[in-house]
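coords32.cif (mmCIF, C-alpha atoms)
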```cif
data_final
loop_
_atom_site.label_atom_id
_atom_site.label_comp_id
_atom_site.auth_asym_id
_atom_site.auth_seq_id
_atom_site.Cartn_x
_atom_site.Cartn_y
_atom_site.Cartn_z
CA MET A 1 -9.50 -117.13 -78.55
CA GLY A 2 -6.90 -117.28 -81.32
CA ARG A 3 -7.35 -118.81 -84.75
CA PHE A 4 -4.28 -119.66 -86.81
CA ALA A 5 -2.95 -121.61 -89.80
CA VAL A 6 0.56 -122.66 -90.83
CA VAL A 7 1.44 -122.12 -94.48
CA LEU A 8 4.47 -122.23 -96.76
CA PRO A 9 4.29 -119.15 -99.01
CA ILE A 10 5.49 -119.33 -102.60
CA GLU A 11 7.13 -115.89 -102.11
CA PRO A 12 8.56 -115.14 -98.64
CA LEU A 13 6.63 -112.99 -96.17
CA ALA A 14 7.76 -111.18 -93.02
CA ALA A 15 6.34 -111.26 -89.53
CA GLY A 16 3.89 -108.38 -89.31
CA ASP A 17 2.88 -108.49 -92.98
CA SER A 18 -0.88 -108.18 -93.48
CA PHE A 19 -3.11 -108.90 -96.43
CA PRO A 20 -6.86 -108.91 -97.13
CA VAL A 21 -8.74 -112.20 -96.90
CA SER A 22 -9.63 -111.68 -100.56
CA SER A 23 -5.96 -111.52 -101.58
CA TRP A 24 -3.97 -114.27 -99.89
CA PRO A 25 -0.44 -114.71 -101.26
CA LEU A 26 0.03 -118.03 -103.07
CA HIS A 27 0.93 -120.71 -100.53
CA VAL A 28 0.73 -124.37 -99.52
CA THR A 29 -1.23 -124.88 -96.31
CA VAL A 30 0.54 -127.28 -93.95
CA VAL A 31 -1.86 -126.99 -91.01
CA GLU A 32 -5.37 -125.82 -91.76
CA PRO A 33 -7.13 -123.37 -89.41
CA PHE A 34 -7.18 -124.30 -85.74
CA GLU A 35 -8.36 -122.50 -82.62
CA THR A 36 -6.65 -122.15 -79.26
CA ARG A 37 -7.14 -120.13 -76.11
CA HIS A 38 -3.48 -119.10 -76.46
CA ASP A 39 -2.06 -116.10 -78.29
CA ALA A 40 0.18 -116.00 -81.36
CA ALA A 41 3.40 -115.76 -79.32
CA TRP A 42 2.54 -118.98 -77.47
CA VAL A 43 1.71 -120.83 -80.71
CA ALA A 44 4.90 -119.53 -82.36
CA GLU A 45 6.99 -120.75 -79.41
CA LEU A 46 5.36 -124.18 -79.74
CA MET A 47 6.05 -124.31 -83.51
CA ALA A 48 9.64 -123.04 -83.40
CA PRO A 49 11.37 -126.30 -82.35
CA VAL A 50 9.45 -128.25 -85.00
CA LEU A 51 10.41 -125.83 -87.77
CA HIS A 52 13.96 -124.97 -86.68
CA GLY A 53 16.55 -126.46 -89.03
CA ARG A 54 14.02 -127.83 -91.53
CA ARG A 55 15.11 -127.91 -95.16
CA SER A 56 13.42 -126.01 -97.94
CA ILE A 57 10.85 -128.03 -99.85
CA GLU A 58 10.52 -128.22 -103.61
CA VAL A 59 7.00 -128.75 -104.92
CA THR A 60 5.71 -129.19 -108.46
CA ALA A 61 2.14 -128.53 -109.56
CA PHE A 62 0.82 -131.58 -111.37
CA ASP A 63 -2.97 -131.34 -111.65
CA ARG A 64 -5.99 -129.11 -111.11
CA ALA A 65 -8.86 -129.84 -108.71
CA MET A 66 -11.86 -128.18 -107.10
CA PHE A 67 -11.91 -127.97 -103.30
CA GLY A 68 -14.37 -126.61 -100.76
CA ARG A 69 -17.74 -127.79 -99.51
CA ARG A 70 -19.34 -126.98 -102.86
CA HIS A 71 -16.30 -127.95 -104.93
CA ASP A 72 -16.05 -124.39 -106.20
CA VAL A 73 -12.52 -123.45 -105.11
CA PRO A 74 -9.93 -124.01 -107.87
CA VAL A 75 -6.54 -125.33 -106.74
CA SER A 76 -3.34 -126.75 -108.18
CA LEU A 77 -2.31 -130.02 -106.55
CA VAL A 78 1.40 -130.15 -105.75
CA ARG A 79 3.79 -133.04 -105.28
CA ASP A 80 6.93 -133.21 -103.19
CA ASP A 81 9.17 -136.07 -102.08
CA GLY A 82 7.60 -136.39 -98.62
CA PRO A 83 8.79 -133.46 -96.47
CA LEU A 84 5.38 -131.70 -96.54
CA GLY A 85 3.64 -134.67 -94.96
CA ALA A 86 6.41 -135.12 -92.39
CA MET A 87 6.28 -131.43 -91.44
CA ARG A 88 2.50 -131.56 -91.18
CA THR A 89 2.60 -134.64 -88.93
CA ARG A 90 5.17 -133.06 -86.59
CA LEU A 91 3.26 -129.78 -86.35
CA LEU A 92 -0.06 -131.53 -85.68
CA ASP A 93 1.61 -133.76 -83.05
CA ALA A 94 3.07 -130.71 -81.29
CA LEU A 95 -0.34 -129.03 -81.25
CA ARG A 96 -2.09 -132.16 -79.97
CA ASP A 97 0.57 -132.67 -77.29
CA ALA A 98 -0.15 -129.10 -76.10
CA ASP A 99 -3.90 -129.86 -75.95
CA VAL A 100 -4.75 -127.70 -78.96
CA ASP A 101 -7.82 -129.02 -80.76
CA VAL A 102 -6.85 -129.94 -84.32
CA ALA A 103 -9.92 -132.09 -84.93
CA ARG A 104 -10.55 -130.22 -88.19
CA ALA A 105 -7.26 -131.45 -89.65
CA ARG A 106 -8.09 -133.49 -92.72
CA PHE A 107 -7.10 -137.13 -92.87
CA ASP A 108 -7.16 -136.93 -96.67
CA TYR A 109 -4.73 -133.98 -96.81
CA ARG A 110 -3.70 -133.18 -100.37
CA PRO A 111 -1.04 -130.47 -100.67
CA HIS A 112 -2.21 -127.73 -103.00
CA VAL A 113 -1.96 -124.07 -103.94
CA THR A 114 -5.34 -122.33 -103.99
CA ASP A 115 -5.97 -119.88 -106.83
CA THR A 116 -6.20 -116.33 -105.48
CA ALA A 117 -6.62 -112.81 -106.79
CA ARG A 118 -2.81 -112.86 -107.07
CA GLY A 119 -2.78 -115.77 -109.52
CA SER A 120 -2.36 -119.52 -109.60
CA MET A 121 0.33 -122.16 -109.96
CA PRO A 122 0.09 -123.81 -113.39
CA ALA A 123 0.75 -127.52 -113.88
CA GLY A 124 4.44 -128.21 -114.37
CA ARG A 125 5.62 -125.18 -112.39
CA THR A 126 8.10 -125.93 -109.61
CA ALA A 127 8.54 -123.77 -106.53
CA ARG A 128 11.08 -123.95 -103.73
CA LEU A 129 9.35 -123.22 -100.41
CA VAL A 130 11.93 -121.51 -98.22
CA GLN A 131 9.76 -120.35 -95.35
CA ALA A 132 6.99 -121.42 -92.99
CA VAL A 133 4.67 -118.81 -91.51
CA LEU A 134 2.08 -118.72 -88.77
CA VAL A 135 -0.91 -116.72 -89.98
CA ASP A 136 -3.23 -115.03 -87.48
CA LEU A 137 -6.74 -115.48 -88.84
CA ARG A 138 -8.22 -113.12 -86.22
CA PRO A 139 -5.74 -110.23 -86.16
CA PRO A 140 -6.38 -106.88 -84.47
CA GLU A 141 -6.81 -105.34 -87.95
CA GLY A 142 -10.20 -107.04 -88.21
CA ARG A 143 -12.00 -109.98 -89.79
CA ALA A 144 -11.24 -108.89 -93.35
CA MET A 145 -7.46 -109.11 -92.80
CA ARG A 146 -4.85 -111.77 -92.12
CA THR A 147 -1.49 -111.12 -90.45
CA VAL A 148 1.77 -113.06 -90.41
CA ALA A 149 2.37 -113.68 -86.69
CA ALA A 150 5.72 -115.47 -87.09
CA ALA A 151 8.02 -116.68 -89.86
CA TRP A 152 10.75 -119.34 -89.94
CA PRO A 153 13.30 -119.82 -92.72
CA LEU A 154 13.61 -123.27 -94.25
CA GLY A 155 16.91 -124.45 -95.64
CA THR A 156 20.15 -122.45 -95.66
#
```
Output the file's structure as structure tokens, nothing else.
Amino acid sequence: MGRFAVVLPIEPLAAGDSFPVSSWPLHVTVVEPFETRHDAAWVAELMAPVLHGRRSIEVTAFDRAMFGRRHDVPVSLVRDDGPLGAMRTRLLDALRDADVDVARARFDYRPHVTDTARGSMPAGRTARLVQAVLVDLRPPEGRAMRTVAAAWPLGT
């Protein structure tokens, strides 16, 4: 069974890139982790029409918050002019239409960049998100790694 997430990295990644769980690149999660009986190629094919031709998205960090069950995960909340929510809705709809269980998708979604070992996004910083990536959360490299299964340019 596959487990995936869709994120918009602050700095572009390439399909095949891997990184340790402890060192995620800075990113905005668009679709939080979901499981499917399908492989990464199937999920990527499902996502491609939704992401094809989408524009880049500019986000600005505006506040700090603590996320997670114990409210111990520091994040920077980001604001855009609406494209993040629209992209999220379309991706979740495509997954639901394909009978992928996205029951864990939060109704109170707040776009954010989680602090990582690679840094954080300070309030007032603006970033142009020029790529969406499908991240394999159960790659062949093992549980301690994450792998970019597919990448789509935004904009241009």
#### Entry: Atomic distance CA of Glu58 (chain A) - CA of Ala127 (chain A), expressed in Å with one decimal
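Between these atoms lies a distance of 5.7 Å.
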### Task
For each of A:Val6, A:Gln131, A:His27, A:Met1, take the minimum atom-to-atom distance to Arg118 (chain A), counting only C-alpha atoms, then give the residue where this is smallest.
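Smallest distance to Arg118 (chain A) is found for A:His27.
Distances here use only C-alpha atoms; by that measure, the residue among A:Val43, A:Thr114, A:Ile57, A:Ala151 closest to Ser23 (chain A) is A:Thr114.
Counting all atoms listed in the file, the residue from A:Leu26, A:Met121, A:Leu84, A:Ala5 that sits nearest to Phe62 (chain A) is A:Met121.
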### Query
How many Å separate CA of Ile10 (chain A) from CA of Leu137 (chain A)?
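Spanning CA of Ile10 (chain A) to CA of Leu137 (chain A) is a straight-line distance of 18.8 Å.
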### Query
Which is closer to Arg104 (chain A) than all the others in A:Val21, A:Val31, A:Ala15, A:Leu46, using only C-alpha atoms?
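That would be A:Val31, the residue with the smallest distance to Arg104 (chain A).
Distance annotation: of A:Ala117, A:Leu154, A:Ala123, A:Leu8, the residue with the minimal separation from Ser22 (chain A) is A:Ala117; atom set is all atoms listed in the file.
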### Task
Kindly resolve the PyMOL selection byres ((chain A and resi 51) around 10) on the present coordinates and return the residues as a ChimeraX atom specification.
/A:44,46-50,52-55,87,90-91,131-133,151-154
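Between CA of Gly85 (chain A) and CA of Thr126 (chain A) there is a distance of 17.6 Å.
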### Contact residues around Trp24 (chain A) with all atoms listed in the file at 7 Å, ignoring same-chain residues under 4 positions, as JSON, numbers by chain
{"A": [19, 20, 116]}
Would you save the residues of that selection, restricted to C-alpha atoms, as a PDB file, keeping the file's coordinate frame?
```
ATOM      1  CA  PHE A  19      -3.110-108.900 -96.430  1.00  0.00           C
ATOM      2  CA  PRO A  20      -6.860-108.910 -97.130  1.00  0.00           C
ATOM      3  CA  THR A 116      -6.200-116.330-105.480  1.00  0.00           C
TER       4      THR A 116
END
```
### Query
Care to translate the PyMOL selection byres ((chain A and resi 37) around 9) into actual residues of this file, as a PyMOL selection string?
chain A and resi 1-3+35-36+38-39+100
Expand the PyMOL selection byres ((chain A and resi 64) around 10) into the explicit residue set it covers here, and present it as a PDB file with C-alpha atoms, in the coordinates of the input.
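Written file, part05.pdb:
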```pdb
ATOM      1  CA  ALA A  61       2.140-128.530-109.560  1.00  0.00           C
ATOM      2  CA  PHE A  62       0.820-131.580-111.370  1.00  0.00           C
ATOM      3  CA  ASP A  63      -2.970-131.340-111.650  1.00  0.00           C
ATOM      4  CA  ALA A  65      -8.860-129.840-108.710  1.00  0.00           C
ATOM      5  CA  MET A  66     -11.860-128.180-107.100  1.00  0.00           C
ATOM      6  CA  PHE A  67     -11.910-127.970-103.300  1.00  0.00           C
ATOM      7  CA  PRO A  74      -9.930-124.010-107.870  1.00  0.00           C
ATOM      8  CA  VAL A  75      -6.540-125.330-106.740  1.00  0.00           C
ATOM      9  CA  SER A  76      -3.340-126.750-108.180  1.00  0.00           C
ATOM     10  CA  LEU A  77      -2.310-130.020-106.550  1.00  0.00           C
ATOM     11  CA  VAL A  78       1.400-130.150-105.750  1.00  0.00           C
ATOM     12  CA  HIS A 112      -2.210-127.730-103.000  1.00  0.00           C
ATOM     13  CA  VAL A 113      -1.960-124.070-103.940  1.00  0.00           C
ATOM     14  CA  THR A 114      -5.340-122.330-103.990  1.00  0.00           C
ATOM     15  CA  MET A 121       0.330-122.160-109.960  1.00  0.00           C
ATOM     16  CA  PRO A 122       0.090-123.810-113.390  1.00  0.00           C
ATOM     17  CA  ALA A 123       0.750-127.520-113.880  1.00  0.00           C
TER      18      ALA A 123
END
```
